[in-house]
Amino acid sequence: MTGAGEAVDLATRIQIQDLYSHEAELLDERRWEEWLDLFAPELEYTAPIRVTRKSPHPDTIDELGHFDDTKMSLALRVRRLRTDVAWAEDPPSLTRRLITNLRIRPGDDADRLQVRTNFLLYRSRGDLGAYDLIVGERQDALRREGDSWVIARRRSVIDQASMSTKNLGIFL
Amino acid sequence: MTGAGEAVDLATRIQIQDLYSHEAELLDERRWEEWLDLFAPELEYTAPIRVTRKSPHPDTIDELGHFDDTKMSLALRVRRLRTDVAWAEDPPSLTRRLITNLRIRPGDDADRLQVRTNFLLYRSRGDLGAYDLIVGERQDALRREGDSWVIARRRSVIDQASMSTKNLGIFL
Amino acid sequence: MTGAGEAVDLATRIQIQDLYSHEAELLDERRWEEWLDLFAPELEYTAPIRVTRKSPHPDTIDELGHFDDTKMSLALRVRRLRTDVAWAEDPPSLTRRLITNLRIRPGDDADRLQVRTNFLLYRSRGDLGAYDLIVGERQDALRREGDSWVIARRRSVIDQASMSTKNLGIFL
Amino acid sequence: MSRYDVQGRLELEDRLRKTVQPEQGRIPFFTYTDPGVHDLEIERIFGRDWQFLGHVSEVPNPGSFVTRRMGRENVIVGRGDDSVVRVFLNACRHRGMTLACEDFGEVNNWRCPYHGFTFGSKGDFLGTFMGAPFERVAYPEGLDRDALHLIEARCEIYQGLIFATWSKSGPSLDDHLGNVKWYLDLLVGKAEMEVVGHPERWMVPTGWRLPAENFTSDAYHTATAHSFLSRLNMVKGADFGREGYHVNVGNGHGLGVGVHFDEESYFPKELEDEYRANLDEDQFRMLSRIKNLHGNAFPNFTFLVPNFIEVEGRRVTGLMLRTWQPVAPNQTQVWSWHLVEKNAPEWWKKLGKRMYTQTFSSSGMFDQDDTEVWEAQTRMSDAALYREEEVFLHYGMGMDLPTLDKSEFPGPGDVYDGKFSEEAGRTFYRVWLDRLLEAKK
Amino acid sequence: MSRYDVQGRLELEDRLRKTVQPEQGRIPFFTYTDPGVHDLEIERIFGRDWQFLGHVSEVPNPGSFVTRRMGRENVIVGRGDDSVVRVFLNACRHRGMTLACEDFGEVNNWRCPYHGFTFGSKGDFLGTFMGAPFERVAYPEGLDRDALHLIEARCEIYQGLIFATWSKSGPSLDDHLGNVKWYLDLLVGKAEMEVVGHPERWMVPTGWRLPAENFTSDAYHTATAHSFLSRLNMVKGADFGREGYHVNVGNGHGLGVGVHFDEESYFPKELEDEYRANLDEDQFRMLSRIKNLHGNAFPNFTFLVPNFIEVEGRRVTGLMLRTWQPVAPNQTQVWSWHLVEKNAPEWWKKLGKRMYTQTFSSSGMFDQDDTEVWEAQTRMSDAALYREEEVFLHYGMGMDLPTLDKSEFPGPGDVYDGKFSEEAGRTFYRVWLDRLLEAKK
Amino acid sequence: MSRYDVQGRLELEDRLRKTVQPEQGRIPFFTYTDPGVHDLEIERIFGRDWQFLGHVSEVPNPGSFVTRRMGRENVIVGRGDDSVVRVFLNACRHRGMTLACEDFGEVNNWRCPYHGFTFGSKGDFLGTFMGAPFERVAYPEGLDRDALHLIEARCEIYQGLIFATWSKSGPSLDDHLGNVKWYLDLLVGKAEMEVVGHPERWMVPTGWRLPAENFTSDAYHTATAHSFLSRLNMVKGADFGREGYHVNVGNGHGLGVGVHFDEESYFPKELEDEYRANLDEDQFRMLSRIKNLHGNAFPNFTFLVPNFIEVEGRRVTGLMLRTWQPVAPNQTQVWSWHLVEKNAPEWWKKLGKRMYTQTFSSSGMFDQDDTEVWEAQTRMSDAALYREEEVFLHYGMGMDLPTLDKSEFPGPGDVYDGKFSEEAGRTFYRVWLDRLLEAKK
Ligand code: FES
Ligand code: FES
Ligand code: FES
Ligand SMILES: [Fe+3]
Ligand SMILES: [Fe+3]
Ligand SMILES: [Fe+3]
């Protein structure tokens, strides 16, 4: 069994757990600029497409994705969201991210970690009680940066072959 | 980054985490009297209304809420639930509270903490497979009481401008 | 208040937390044979039926369940899933298990623990954005096995009187 | 008759004509949730009747607006730069996009996010976002500004209550409200009122009519549905809300007034002067006796003074206004306002709000039981839609009773001694039936 | 013909008359999910036919009740204080509120939570909750007690199986069941039976008819749909369930019996005496040969003896009863009972329950595949509703085959050698069509 | 006219005939979401018209297949063992079970999971899974193999684009596409193309027509809906996409071409030879001037060359193809393909894909705003279905303008100078109306 307990010491484990709680709060409060600070400059931010295949064929397609971003392009998205004409998210969705099932594994070297978490992203808009759920797994690569960690890669695996939210105007 | 790791020592962190798991269990098992014991006498228990506004207007309205309770009024609610005529919740809903994203921050003094958690409250009633989700954030103020903690304030932020559960006959 | 912090030391707590994250990953990745290894040979694996009753009548019926399995019968189910004719789950559902609210309590002896967790099981199939949620509580009995733990009993309480997923072709 | 025998509108009208018998206290079960009935209601009641939308304190300044519902439709209630309150369909005249996307706000004009067509606070088309040169390229012949005026509803205000109707030729608000005005004065005319915060909204799986008729004439249910009151010794005596008056107000409106026999008014002394200045003598005396008051103005405007309760040594209540917006035959959106006298003392504001929230919000101890019941009735009706024999429900309480005269009760309408009567409910259904069968307005 | 050309009930009846051809083994695809067909079924099958509701062991005492479904409607199955089992629409006669809100219970009377109207265990109106004085105030002229009697269905019991129908003039249960009684004896008449725990319920996105016809006459699908059996070497030989008999029971009922050729009966020796005491000679001999038995009594009452399996050195099976409750054209609620002989040895009870749960509950290894298939058929039919050409499905297995005579098989009905026949399915559809076209009962 | 006055198909056809006035630039609001209109569309457009299903690179080998949608129906697009691409209804001929349950795959035949009926890659019935002996037992008289052939749609391919129609007698693909072929050449005929990964799918709560008409003729919305471009200084100049040409292609197809005035083509030099080899002189010159190109082929096939953007020192774009699959009047499934030239340099592939994903996938910065708008229009229309007066929408941009002649613009169709015109949108609605009123094809 490979669990977090073995890959890192307790202080790091807690630090990482808090990193994810903090990140979720930043996103749910739309503090996107602070959120961007959590990422490394070399960030790759992707989200593969899911397909329905029989076992044992893979059910993810990485050749194309819901996202294909760099830190710079995320920053552009954030700048866009800060204009007064970002209609899709202004008025903003009410969102809440539940982050669970933290799994920390050694990365390529001592300064790197592979971190997986499960997420449930609740999103409501409008006025008749409807909401969307986006559920999946984040597969992150973290890099040590001083005494903190930055996210150097994120691959978000959404658990639907046909997504049931009208757009990804929100971040995973 | 402000995370739990920095505000409190590990033992306290664990104590608080367990407090929330315990609370959820009490509520899901309808052990309301024990649940009331988790609160301080001076409790303020509120839940602001959410509105759809353009950025950067606030999307919460605290002038009116889904709840506006004290410990005494919560106790009255509980006494009511224990009668045999509390139709709304007898037969009771089947509920489950998932509490995640624990964030602990210093309070006004050493004996106080600001604690935030995200919650997903699943509620099913009746017999045709329907269910409601109530999702949001709890913003609690905890106060030390001996070697334990009590909840002195709770502000539950529900992430819907128009709630999709027929009543809040259950507690947040 | 009975929380995990009191029943076990921190290392064990972390070990158990990781056990559940690991288990969820195995199931979501359909690594069923590895999953079976987490269970003790004497396993009882059940899921009571829920009913709508007025308080204080119990709302679970253990005389009949959604599951009534042993380790051997689970192994048979797994063997079945590995054939090329397990239509119900081939193509497989896309699933994600969020495991929260860990509660650890002493078991019958020093080598046993009672562990409860809440779960949300997200399941999507097909191509039009539909999904099912199965939510409830796992009530497990763990048994020490060397320096690790195995699951000796699992009672999964699903929070619906009439389940809203077409079959339990997936494991709880 | 089963729903299946009804193939279209004409047959449905026939079925209604034959089976809805308010004067006999008989209403057929299918009307609770029949989809055809619901559609008729949308067209002929919510498409034509006066509907409550909000309070003037919600649109205080020129440019202030709120977005509200009239049945299934979304409307803008806006105060123009000329300070006049108007109501517009919240749909751009170009291609129907939602124009105001906020619950409330303050603007100079509404600019459509799709192609930039822009409308002034009086609903007039102002041009396109990109300005005249740009517009001239796209529309060299110009745009017909009149044809692009926002679709406007008739809007009238009574005692700060904003109403609107899509009907161009129907009665005035004054005529529509009729006798209920006397009672509304007691609630919102007695002092300068203001909306506290923002109306709460939530979804209840019921048709809109069940709650509306409950507030119109169902005083009787309290003794059972809300019997926790007696279980917890929260009410004295066992009259359970019978003590008081039932009023069949006319036009489908109905209400019940619970009275006390204490010397003093339960309303705050501090406001007495303001009350006196705004009410006539009869009204002021009535106000002083009020212990509770529930009512509904046809179709879906509910008002309530919850029973006064003692808390922290004070006797308080918290005024509630509501609408029940039809979303589907078995789905209603509740809008629940809490209003308070602007000049009231702090304790009255604070405790009144608390009492309102604990008794009649989504978490209200009364509301909970009511929503449970309405949902269950709705589900049973839904399930019974294809039964072959007609199931009739019982609306026969208080038939053929004598009315009080003016000397016994000062308010207008047909007044009955004691709140246990469904007379107003029967009139509600008479008006309802007449509306549904009125093909063209 | 596309659904769009069908404007109302009469045109739908026409389309059905023209295209449903059971005797030719042709059933049109649209009938699987057409909403109009579904509505007709609710009115003319579930509104009129005998439906299985539960077993007498579920209402053991005076005052015991369970709440069940008859199609879309909720009913109370209650044993009165006179020990008679009755079936009532679970709707208060006042305003239709759900009367019994529990899945089961034991009560003296049902008191409505809304206004307290109270009904005795025989369905009689007893008065209002607050008692006579209170009632006299509200209804000075009194209430018409007869008119307020609960709506009651006809209820009859066969071998402990409780059935009810809304039809007042239709055939008796005895006539309705006809030949299937002989087979039901084998399942629930052979010994004192009891329901284990409570029926399991869950939702399957299929029309109710697909599972019903599957159990009626689809022995053939096992070889493919459940071919994991052979993949895992869990069945010996390759007959895949052909070995046995197909029975077109009549009245739309159908079943298949799988037999073994071992000397000994697979049923527990410990119960042999009880079996003998309850069955006739033919039945007892048949029981001794049973390896499995699947069937369905029209419309939606399924019964099953799953194939005996060896486990822990014992040969066991676990009896299942089911109903498929129509919720929508593409939504069905499964009710699945497990029953066992009350006097059976513990091993039989414990292992039988386990086998039942592992093979035929919501997690059952057979059920899984079946639900997957039924959902897919339902979705394909839904999608095809507007196709212009009629798509016909194939129901042609085993046409024009000779029946066995009494000497070859002792049970009643048209019996065929080998389970591979859809004769009972064709009769199922013939009965179904006749029901749908019967305007008035 | 309210929806309630329309009792059936004939009255709906009447209403459409009277109120849909494309040539006057007037389209009634109800058509956006009326359920009856939607059903008509399913029958008469998606049941009859040529629809885009995918690209040949998705079915590269004999046995390759993908499953796709034609309106509400699921189809198999498979390359037979004879290398011919065919389209079949993905429903087993036995009982309608879904035959191919994967999004794509490679098989020798399709075997139904229910009873094992098996079909070859040409759609021919091959027999049952268990083989001939088994089948002979079940069907001693044999099965009619011809009658069991899969239901096949007409399939034709243009420049690697696979289309199909259920109509047996309608026009050829060639005739249906007509002038749009010249433009499709520019997108997918200019080089060997391949689908990158797999089309992305997601659900948008809009009717299918709003996006389709947007891509047909709505260049104007960019300036407002996507005005973040100017806010962030991402476009030079303020023409906002007017610069270019609007083309009313004919047959309901429409498109707009944005052009640049730079010397050099924006497309990669590395591919120039391949482009030249595949395009004629006019086309090659046009390609060299393209800055962006949006369009839609009736009914729901959208194509787009997003505006070239500079990134990492390169000028790139990422070709998009789309279909808008109708799921409900207010629910559409988007299918979005990204294609690229197979022989393109790596930078073009990598950056083009990135640009496509960032601008026009589910997270695309343009798509976001569009989906928000379409949902809002849909909701407003839904809410207005029961309004009594007809609400008309404005489709009047660019009426009665002169077309360019061949010397000014080489491509076919009616070409207008500048992209601000809704001429193609008006033709889209004319074709749409004619289709809906065509009772029998
Ligand atoms: S829809 Fe409002 S400007 Fe076009
Ligand atoms: S509805 Fe049952 S008493 Fe009124
Ligand atoms: S449905 Fe395909 S073989 Fe029967
Ligand atoms: Fe009430
Ligand atoms: Fe089966
Ligand atoms: Fe756009």
# chains A, B, ... in the order shown; residues from 1 in each chain; ligands from 1
$ closest_atom_pairs --of "chain E" --to "ligand 3" --cutoff "9 Å" --atoms "only C-alpha atoms and all ligand atoms" --output "Markdown table"
| residue | atom | partner | partner_atom_place_in_ligand_line | distance |
| --- | --- | --- | --- | --- |
| E:Tyr220 | CA | ligand 3 | 4 (Fe) | 8.9 |
| E:His221 | CA | ligand 3 | 4 (Fe) | 7.2 |
| E:Thr224 | CA | ligand 3 | 3 (S) | 8.4 |
| E:Val373 | CA | ligand 3 | 1 (S) | 8.2 |
| E:Gln377 | CA | ligand 3 | 1 (S) | 7.7 |
| E:Leu393 | CA | ligand 3 | 1 (S) | 8.7 |
| E:His394 | CA | ligand 3 | 4 (Fe) | 8.3 |
$ write_last_selection --atoms "all heavy atoms" --output "compact mmCIF listing (two decimals), in the first residue's frame"
# COMPACT_ATOMS: atom_id res chain seq x y z
N TYR E 220 -34.07 -17.63 -23.13
CA TYR E 220 -32.99 -17.68 -24.10
C TYR E 220 -31.84 -16.72 -23.77
O TYR E 220 -30.69 -16.97 -24.10
CB TYR E 220 -33.57 -17.35 -25.49
CG TYR E 220 -32.64 -17.60 -26.63
CD1 TYR E 220 -32.38 -18.89 -27.06
CD2 TYR E 220 -32.04 -16.54 -27.31
CE1 TYR E 220 -31.53 -19.13 -28.13
CE2 TYR E 220 -31.19 -16.77 -28.38
CZ TYR E 220 -30.94 -18.06 -28.79
OH TYR E 220 -30.11 -18.29 -29.85
N HIS E 221 -32.18 -15.60 -23.11
CA HIS E 221 -31.15 -14.58 -22.93
C HIS E 221 -30.03 -15.03 -21.99
O HIS E 221 -28.93 -14.50 -22.03
CB HIS E 221 -31.77 -13.28 -22.39
CG HIS E 221 -32.03 -13.27 -20.92
ND1 HIS E 221 -33.04 -13.98 -20.32
CD2 HIS E 221 -31.38 -12.64 -19.90
CE1 HIS E 221 -33.03 -13.78 -19.01
NE2 HIS E 221 -32.03 -12.97 -18.73
N THR E 224 -26.47 -15.77 -23.27
CA THR E 224 -25.62 -14.64 -23.67
C THR E 224 -25.48 -13.62 -22.54
O THR E 224 -24.38 -13.30 -22.11
CB THR E 224 -26.20 -13.94 -24.92
OG1 THR E 224 -26.43 -14.89 -25.92
CG2 THR E 224 -25.25 -12.87 -25.41
N VAL E 373 -29.20 -3.98 -19.72
CA VAL E 373 -29.85 -4.22 -21.01
C VAL E 373 -31.18 -3.47 -21.10
O VAL E 373 -31.47 -2.80 -22.09
CB VAL E 373 -30.08 -5.73 -21.22
CG1 VAL E 373 -31.01 -5.96 -22.40
CG2 VAL E 373 -28.76 -6.44 -21.43
N GLN E 377 -32.25 -0.75 -23.97
CA GLN E 377 -33.41 -0.90 -24.87
C GLN E 377 -34.33 0.31 -24.73
O GLN E 377 -34.86 0.84 -25.71
CB GLN E 377 -34.21 -2.15 -24.48
CG GLN E 377 -33.54 -3.46 -24.82
CD GLN E 377 -34.39 -4.61 -24.29
OE1 GLN E 377 -34.47 -4.85 -23.08
NE2 GLN E 377 -35.06 -5.33 -25.19
N LEU E 393 -39.98 -5.33 -33.63
CA LEU E 393 -39.08 -6.19 -32.88
C LEU E 393 -39.51 -7.64 -33.06
O LEU E 393 -40.64 -7.93 -33.44
CB LEU E 393 -39.10 -5.79 -31.41
CG LEU E 393 -38.72 -4.32 -31.22
CD1 LEU E 393 -39.01 -3.88 -29.80
CD2 LEU E 393 -37.27 -4.08 -31.59
N HIS E 394 -38.60 -8.52 -32.76
CA HIS E 394 -38.74 -9.93 -33.08
C HIS E 394 -39.18 -10.72 -31.85
O HIS E 394 -38.44 -10.82 -30.87
CB HIS E 394 -37.38 -10.43 -33.60
CG HIS E 394 -37.44 -11.76 -34.26
ND1 HIS E 394 -37.54 -12.93 -33.54
CD2 HIS E 394 -37.43 -12.12 -35.57
CE1 HIS E 394 -37.57 -13.94 -34.39
NE2 HIS E 394 -37.50 -13.48 -35.62
$ interface_residues --of "chain A" --to "chain F" --cutoff "6 Å" --atoms "only C-alpha atoms" --output "NGL selection string"
:A and (52-53 or 63-64 or 68 or 85 or 87-88 or 162-164 or 166-169)
$ write_last_selection --atoms "C-alpha atoms" --output "mmCIF file, in the first residue's frame"
data_model
loop_
_atom_site.group_PDB
_atom_site.id
_atom_site.type_symbol
_atom_site.label_atom_id
_atom_site.label_comp_id
_atom_site.auth_asym_id
_atom_site.auth_seq_id
_atom_site.Cartn_x
_atom_site.Cartn_y
_atom_site.Cartn_z
ATOM 1 C CA THR A 52 -16.561 4.989 -22.944
ATOM 2 C CA ARG A 53 -14.458 1.952 -23.798
ATOM 3 C CA GLU A 63 -4.423 14.106 -27.021
ATOM 4 C CA LEU A 64 -7.239 16.593 -26.457
ATOM 5 C CA ASP A 68 -4.633 22.878 -22.223
ATOM 6 C CA VAL A 85 -17.586 41.830 -19.656
ATOM 7 C CA TRP A 87 -20.484 37.356 -18.913
ATOM 8 C CA ALA A 88 -20.136 33.652 -18.337
ATOM 9 C CA SER A 162 -20.147 13.987 -21.637
ATOM 10 C CA MET A 163 -19.766 16.794 -19.152
ATOM 11 C CA SER A 164 -22.939 18.071 -17.546
ATOM 12 C CA LYS A 166 -22.480 24.179 -19.664
ATOM 13 C CA ASN A 167 -18.942 25.506 -19.624
ATOM 14 C CA LEU A 168 -15.724 25.396 -17.668
ATOM 15 C CA GLY A 169 -15.761 29.062 -16.835
#
$ residues_around --residues "C:Thr100" --least-positions-apart "2" --cutoff "10 Å" --atoms "only C-alpha atoms" --output "list in words"
Ile99, Thr100 and Asn101 of chain A; Ser21, Arg97, Leu98, Ile99 and Thr100 of chain B; Gln17, Tyr20, Ser21, Arg97, Leu98, Leu102, Arg103, Arg116, Thr117, Asn118, Phe119, Leu120 and Glu137 of chain C
$ interface_residues --of "chain B" --to "chain C" --cutoff "8 Å" --atoms "only C-alpha atoms" --output "list of chain:residue names"
B:Ile14, B:Gln15, B:Asp18, B:Leu19, B:Tyr20, B:Ser21, B:His22, B:Ala24, B:Asp90, B:Pro91, B:Pro92, B:Leu94, B:Thr95, B:Arg96, B:Arg97, B:Leu98, B:Ile99, B:Thr100, B:Tyr122, B:Arg123, B:Ser124, B:Arg125, B:Gly126, B:Asp127, B:Leu128, B:Gly129, B:Ala130
$ residues_near_ligand --ligand "ligand 2" --cutoff "6 Å" --atoms "only C-alpha atoms and all ligand atoms" --output "PDB file with N, CA and C atoms, in the first residue's frame"
ATOM      1  N   CYS E  92     -55.888  10.897   2.415  1.00  0.00           N
ATOM      2  CA  CYS E  92     -56.928  11.395   3.305  1.00  0.00           C
ATOM      3  C   CYS E  92     -58.115  11.865   2.478  1.00  0.00           C
ATOM      4  N   HIS E  94     -60.128  14.101   3.215  1.00  0.00           N
ATOM      5  CA  HIS E  94     -60.356  15.535   3.342  1.00  0.00           C
ATOM      6  C   HIS E  94     -59.712  16.281   2.178  1.00  0.00           C
ATOM      7  N   ARG E  95     -58.372  16.309   2.159  1.00  0.00           N
ATOM      8  CA  ARG E  95     -57.682  17.029   1.085  1.00  0.00           C
ATOM      9  C   ARG E  95     -56.554  16.221   0.456  1.00  0.00           C
ATOM     10  N   GLY E  96     -56.636  14.915   0.620  1.00  0.00           N
ATOM     11  CA  GLY E  96     -55.730  14.088  -0.162  1.00  0.00           C
ATOM     12  C   GLY E  96     -54.333  13.910   0.389  1.00  0.00           C
ATOM     13  N   MET E  97     -54.085  14.368   1.593  1.00  0.00           N
ATOM     14  CA  MET E  97     -52.774  14.185   2.216  1.00  0.00           C
ATOM     15  C   MET E  97     -52.470  12.693   2.391  1.00  0.00           C
ATOM     16  N   CYS E 112     -54.670  11.929  10.050  1.00  0.00           N
ATOM     17  CA  CYS E 112     -54.015  12.747   9.034  1.00  0.00           C
ATOM     18  C   CYS E 112     -53.264  13.895   9.697  1.00  0.00           C
ATOM     19  N   TYR E 114     -52.527  16.742   8.590  1.00  0.00           N
ATOM     20  CA  TYR E 114     -52.845  18.094   8.155  1.00  0.00           C
ATOM     21  C   TYR E 114     -53.963  18.695   9.014  1.00  0.00           C
ATOM     22  N   HIS E 115     -55.135  18.072   8.990  1.00  0.00           N
ATOM     23  CA  HIS E 115     -56.240  18.618   9.787  1.00  0.00           C
ATOM     24  C   HIS E 115     -56.787  17.600  10.773  1.00  0.00           C
ATOM     25  N   GLY E 116     -56.113  16.488  10.873  1.00  0.00           N
ATOM     26  CA  GLY E 116     -56.479  15.538  11.913  1.00  0.00           C
ATOM     27  C   GLY E 116     -57.647  14.618  11.602  1.00  0.00           C
ATOM     28  N   PHE E 117     -58.142  14.587  10.381  1.00  0.00           N
ATOM     29  CA  PHE E 117     -59.185  13.624  10.054  1.00  0.00           C
ATOM     30  C   PHE E 117     -58.627  12.223  10.311  1.00  0.00           C
TER      31      PHE E 117
END
$ interface_residues --of "chain F" --to "chain D" --cutoff "10 Å" --atoms "only C-alpha atoms" --output "ChimeraX atom specification"
/F:2-8,27-29,32,210,218-227,238-240,242,369-370,372-388,391-399,401,418-422
$ residues_around --residues "F:Ala328" --least-positions-apart "3" --cutoff "8 Å" --atoms "only C-alpha atoms" --output "list of chain:residue names"
F:Pro35, F:His38, F:Gly207, F:Gln331, F:Thr332
$ write_last_selection --atoms "C-alpha atoms" --output "PDB file, in the first residue's frame"
ATOM      1  CA  PRO F  35     -41.817  21.268 -27.388  1.00  0.00           C
ATOM      2  CA  HIS F  38     -38.809  20.436 -31.224  1.00  0.00           C
ATOM      3  CA  GLY F 207     -32.015  24.505 -27.968  1.00  0.00           C
ATOM      4  CA  GLN F 331     -30.925  20.731 -23.912  1.00  0.00           C
ATOM      5  CA  THR F 332     -28.196  20.257 -26.474  1.00  0.00           C
TER       6      THR F 332
END
$ atom_distance --atom1 "atom CA of F:Ser57" --atom2 "atom CA of F:Ile162"
10.1 Å
$ decode --residues "stretch 82-94 of chain A" --atoms "N, CA and C atoms" --output "short mmCIF file (atom, residue, chain, number, x, y, z; two decimals), in the first residue's frame"
data_model
loop_
_atom_site.label_atom_id
_atom_site.label_comp_id
_atom_site.auth_asym_id
_atom_site.auth_seq_id
_atom_site.Cartn_x
_atom_site.Cartn_y
_atom_site.Cartn_z
N ARG A 82 -11.53 39.45 -14.71
CA ARG A 82 -11.56 40.72 -13.99
C ARG A 82 -12.13 41.88 -14.80
N THR A 83 -12.37 41.66 -16.08
CA THR A 83 -13.04 42.72 -16.85
C THR A 83 -14.51 42.77 -16.44
N ASP A 84 -15.20 43.75 -16.89
CA ASP A 84 -16.64 43.81 -16.59
C ASP A 84 -17.49 43.20 -17.69
N VAL A 85 -16.84 42.45 -18.56
CA VAL A 85 -17.59 41.83 -19.66
C VAL A 85 -17.36 40.32 -19.73
N ALA A 86 -17.00 39.72 -18.60
CA ALA A 86 -16.81 38.27 -18.58
C ALA A 86 -18.14 37.62 -18.23
N TRP A 87 -19.07 37.69 -19.18
CA TRP A 87 -20.48 37.36 -18.91
C TRP A 87 -20.67 35.99 -18.30
N ALA A 88 -19.90 35.03 -18.77
CA ALA A 88 -20.14 33.65 -18.34
C ALA A 88 -20.03 33.51 -16.83
N GLU A 89 -19.16 34.30 -16.21
CA GLU A 89 -18.97 34.19 -14.77
C GLU A 89 -19.16 35.52 -14.06
N ASP A 90 -19.98 36.37 -14.63
CA ASP A 90 -20.30 37.62 -13.94
C ASP A 90 -21.73 38.00 -14.25
N PRO A 91 -22.69 37.79 -13.36
CA PRO A 91 -22.54 37.32 -11.99
C PRO A 91 -21.85 35.95 -11.91
N PRO A 92 -21.04 35.78 -10.88
CA PRO A 92 -20.31 34.52 -10.74
C PRO A 92 -21.19 33.37 -10.27
N SER A 93 -20.79 32.16 -10.63
CA SER A 93 -21.39 30.97 -10.03
C SER A 93 -21.08 30.95 -8.54
N LEU A 94 -21.96 30.38 -7.77
CA LEU A 94 -21.63 30.05 -6.39
C LEU A 94 -21.00 28.66 -6.43
#
